[in-house]
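Structure first, then comments.
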Amino acid sequence: MTKNTIKTASAKALTVLGLNKSFHLTTGRSVPAVRDFNLNLAPGELVTLLGPSGCGKTTVLRALAGLEELDEGEILLDGYSIANLPPHRRRMGFVFQNYALFPHMTVLENVAYSLRIRRSPDAEVRAKVASALLAVGLENLGPRLPGQLSGGQQQRVAVARALVMKPDLLLFDEPLSSLDTKLRVQVRAELRRLQKSLGTTTLYVTHDQDEAMSLSDRIAVMRAGKVEQVGTPEEIYARPASLFVAEFVGKVNALPGRVEGSSNGRSTVEILGHRIQVPTDRIPAAQVLVLVRPEAVRLCPPSADRPAGRVEETEYLGDRIEYRIRVGTTLIVAAQSALGGASRVAESDTVGLEFVEDAIHLLPFVGPA
Amino acid sequence: MAVALEGVTERRGGRGWTLVAFYPILALFLLVFVAYPMLDLFARAITVDGKPSFSVFARLLTDKFIWQVLWNTLLLGCTVAALGTILATIYAYAITRVAIFGKGVWHFFAVLPTISPPILMALGLILLYGRRGLVTNGLLGIQSTALYGFWGLVFAQLISYFPFAYLMMLHLFRGLDASIEEVAGTMGANAWRVFTTVTLPLLVPGLAGSALLMFGYSFADLGNPLLLGGDFPVMSSQIYLAIIGMYDVPQGAALSIILLVPAVLMFVAHKHLSARTAFATVGAKASSRHRMIRHRPAQIAALVFVGGITLLIFLQYATVFAGATTQLFGINYTLTIKHFSDVLTKSRHVLVDTLMLGVIASAVAVVVGLLLAYFVARTRMPGRNALDFLANLPLAIPGTVIGLSFALAFNHFPLMLTGTAAVIIVAFVVRSLPYGIRSGVAALDQLHRSLDEASTTMGSTSGQTLWRILVPLVRPALLAGMIFSFTRSVTTLSAVIFIVSPHWSLVTPTILSQMDRGDVGQAAALSVLVVLVVLLVIHGVPRLFGRDWREAQ
């Protein structure tokens, strides 16, 4: 996939403003699918819509392609509105979850489809199809029918077919979800390289946080039709805007705490009956939720100046061990590298807990979540 | 490995014994009621004065008239198949892909003919467009016999049988993966090009299947050719005339055999086709939520099309209803309930008999179909494929031929059934068996093998498994199969016209004789009653047995 000769004319910027969309059920009720959705994509950027199923991410993608009518909203491509164009007048390279290959056409015919529809000259079609297939590493499978390909190969045909028309925007709808785990990791790296070298602005929908983290320039986390947070993968993971985001992208300990004072960009926060120092530029509230990722919890010998608890459960996961530790009424999850084994802790041991203070993130306390 | 396999077969043989008892009975049933009548018919066609002879065939095959009739039959079949498939495709496309209002109404009228006796269509057409028809004579003031002949038959058969093709296409259009059409849209194809480059090519096997279906129906149709054929004779009406008119059994039998040849060829072609039907969608999870076209001209065109056809069909039923409620349609339009009261007194036993025999036959067909499906799909009984073929054969045999073969084969030793209800029930069952098997297979598909294995490991016999676990799960599919089989039995004319007797008469031959007598009012009233009863059964029975049947359809 490294060598490729396709070049996009120029990357486009996408602006989505105030998108609203409801589905009308046969019972007469209408269910909002997307509510007041706003998003900007810089030219050449890859942004992931991440969220649980039913959060409206696919609806946004389909609306961009013109496959869903909007109730309200504006879609601008380099400042020009495309919101009222039918799908065939937009230039969107859409890769479906099930690939949607034409089963009655060969790989060549599938990839050539958009060019044939636009009545491009034969020589041009041949050259473009060949280079698109080369880009995804399928140059030898042209005469095959989709039914004769493996899942991974079908996925690449779908990508080549979307690339060949030099789309203004590439739209991916969970394109890796029907591949097995190993292949998924490999293909997503290839996709990322391909997208970078082409420089096509891309919106990518997934519910898999690993996929989102590894692929994206930025991630937009969605919940119940709304954008919860937009940011780089690191911002999303380390400084989530809400408990929902924090929990969606990984395991997290959320502990109620009270801010007791701050100075020099550090705050003193009381949790579990002990004081810790947290680096913050601003304090969200007096009552806070202290978010600590399991890998930021260190186990050490119990002592009076730090919280201590009893190990209730250990779980060996290969690359790490997870401990569930009971501190009073709270259960804390800690994770440690499983290699080396010297500092192994056994179930029902009593251990002291130390939080990596730089990795702590504070949210305003909003009642029991 | 060998040990494991042995274990499997052992268990299979061990637990199947309660059901296996039915296997020889089923085999015998099919041999006696499918194979034997056909062989008997063939024997009669090559027997003259008790000696084997091909002289009847020789005479027929050198007769220019017979070739003309055969040509007529094929021409009519091809025309109806082509036009019907086109109409059905457009109609189904309009319903499944275009945003138009009133889809419930358009759909209802498009499927109404599938539950009506085709003879009702001929009746409606005569009343509307015949020599003294309301439209031709009453409105336009012309006295024309244009209805009688090729184009009248095409019209009548289209309106009677295109609904079957429509249902088939509807199913295919709905089943097509929506994302395949959508992706074509995102690649620059407008609705028309999506249809021509993606939808249509994917439907080619379905289109061919629908054409063969229509061809088969046209072939087997007897009512329309008898009433509207005029100077355009076709095979089924010639067989009828040979038997009823001239009492020439060898000629009727030979004509039937000649008709069988293209019919069986069609059947084989259809089987081959459906074996490789549909490029099963590639990849995972197909989405079936299709985008509706909201292009104003397309919407208007679709509405005009479905509205126009609906109007034609509606006119048929309205006319027959008017015929049933007026003194003498075309001459005296005084309202009356005389025809209904006549039918409910004089022909009540016909109606009751038809319904009763239909119910019995459909129940038998579904049970036998389920057992056959079970033996074919879930056991390794010897000869099960041959039985499957035999049971599906009636799909290929035109009703006229089945009816005639029954009338001839069961009119002498060893099985003397003529004049009994049994011969009618068996004819119904045999004709319904292919659908019985289909619903049986659909029913078994509802069940994972693991389910009946689980039940077996918990210690139940296969009979108990069938009754406790399988039957409740498969009931929706079976109910659908039963309703379909009932409808088909009650509305058929060709299959029963040779086997009804004064003691056991049926609705459709009665309507035919009423029309022959000129008793239009009673014929219309009886037709209306049949349609009402079938509608009642289709909508009432599932309500009695629970609503989940719709999913099975």
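Chains: A, B, ... in order of the structure tokens. Residues: from 1 per chain. Ligands: from 1, in order shown.
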Would you mind listing, as an NGL selection string, all residues of chain A that have at least one atom within 9 Å of chain B, where only C-alpha atoms are what counts?
:A and (65-68 or 86-104 or 113-115 or 117-118 or 146-147 or 151 or 154 or 161-162 or 165 or 178)
Could you please write out, as a PyMOL selection string, every residue of region 281-422 of chain B that DSSP assigns to alpha helix (DSSP H)?
chain B and resi 296-325+338-346+348-378+384-392+399-409+421-422
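Within 6 Å of region 225-237 of chain B there are Val69, Asn72, Thr73, Tyr148 and Gly149 of chain B, counting only C-alpha atoms and ignoring same-chain residues fewer than 4 positions away.
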Could you write out that same residue set with N, CA, C and O atoms as a short mmCIF file (atom, residue, chain, number, x, y, z; two decimals), in the first residue's frame?
data_model
loop_
_atom_site.label_atom_id
_atom_site.label_comp_id
_atom_site.auth_asym_id
_atom_site.auth_seq_id
_atom_site.Cartn_x
_atom_site.Cartn_y
_atom_site.Cartn_z
N VAL B 69 -52.48 -24.93 -32.55
CA VAL B 69 -52.89 -24.78 -31.16
C VAL B 69 -51.67 -24.69 -30.24
O VAL B 69 -51.61 -23.84 -29.34
N ASN B 72 -50.18 -21.37 -30.66
CA ASN B 72 -50.99 -20.39 -29.93
C ASN B 72 -50.66 -20.39 -28.44
O ASN B 72 -50.49 -19.34 -27.82
N THR B 73 -50.57 -21.61 -27.89
CA THR B 73 -50.32 -21.74 -26.46
C THR B 73 -48.99 -21.11 -26.08
O THR B 73 -48.89 -20.37 -25.11
N TYR B 148 -62.75 -11.34 -27.51
CA TYR B 148 -62.58 -12.80 -27.63
C TYR B 148 -61.45 -13.09 -28.59
O TYR B 148 -61.49 -12.73 -29.75
N GLY B 149 -60.40 -13.74 -28.08
CA GLY B 149 -59.25 -14.06 -28.92
C GLY B 149 -57.97 -13.75 -28.20
O GLY B 149 -57.94 -13.62 -26.97
#
Between B:Leu41, B:Leu26, B:Leu255, B:Leu83, which one has atoms that come closest to Val367 (chain B), using only C-alpha atoms?
B:Leu26
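Within the 12 Å cut-off around Glu72 (chain A), using only C-alpha atoms and omitting residues fewer than 4 positions from it on the same chain, the listed residues are Val16, Leu17, Gly18, Leu19, Asn20, Lys21, Ser22, Pro32, Val34, Arg35, Asp36, Phe37, Asn38, Ala63, Glu68, Ala83 and Asn84 of chain A.
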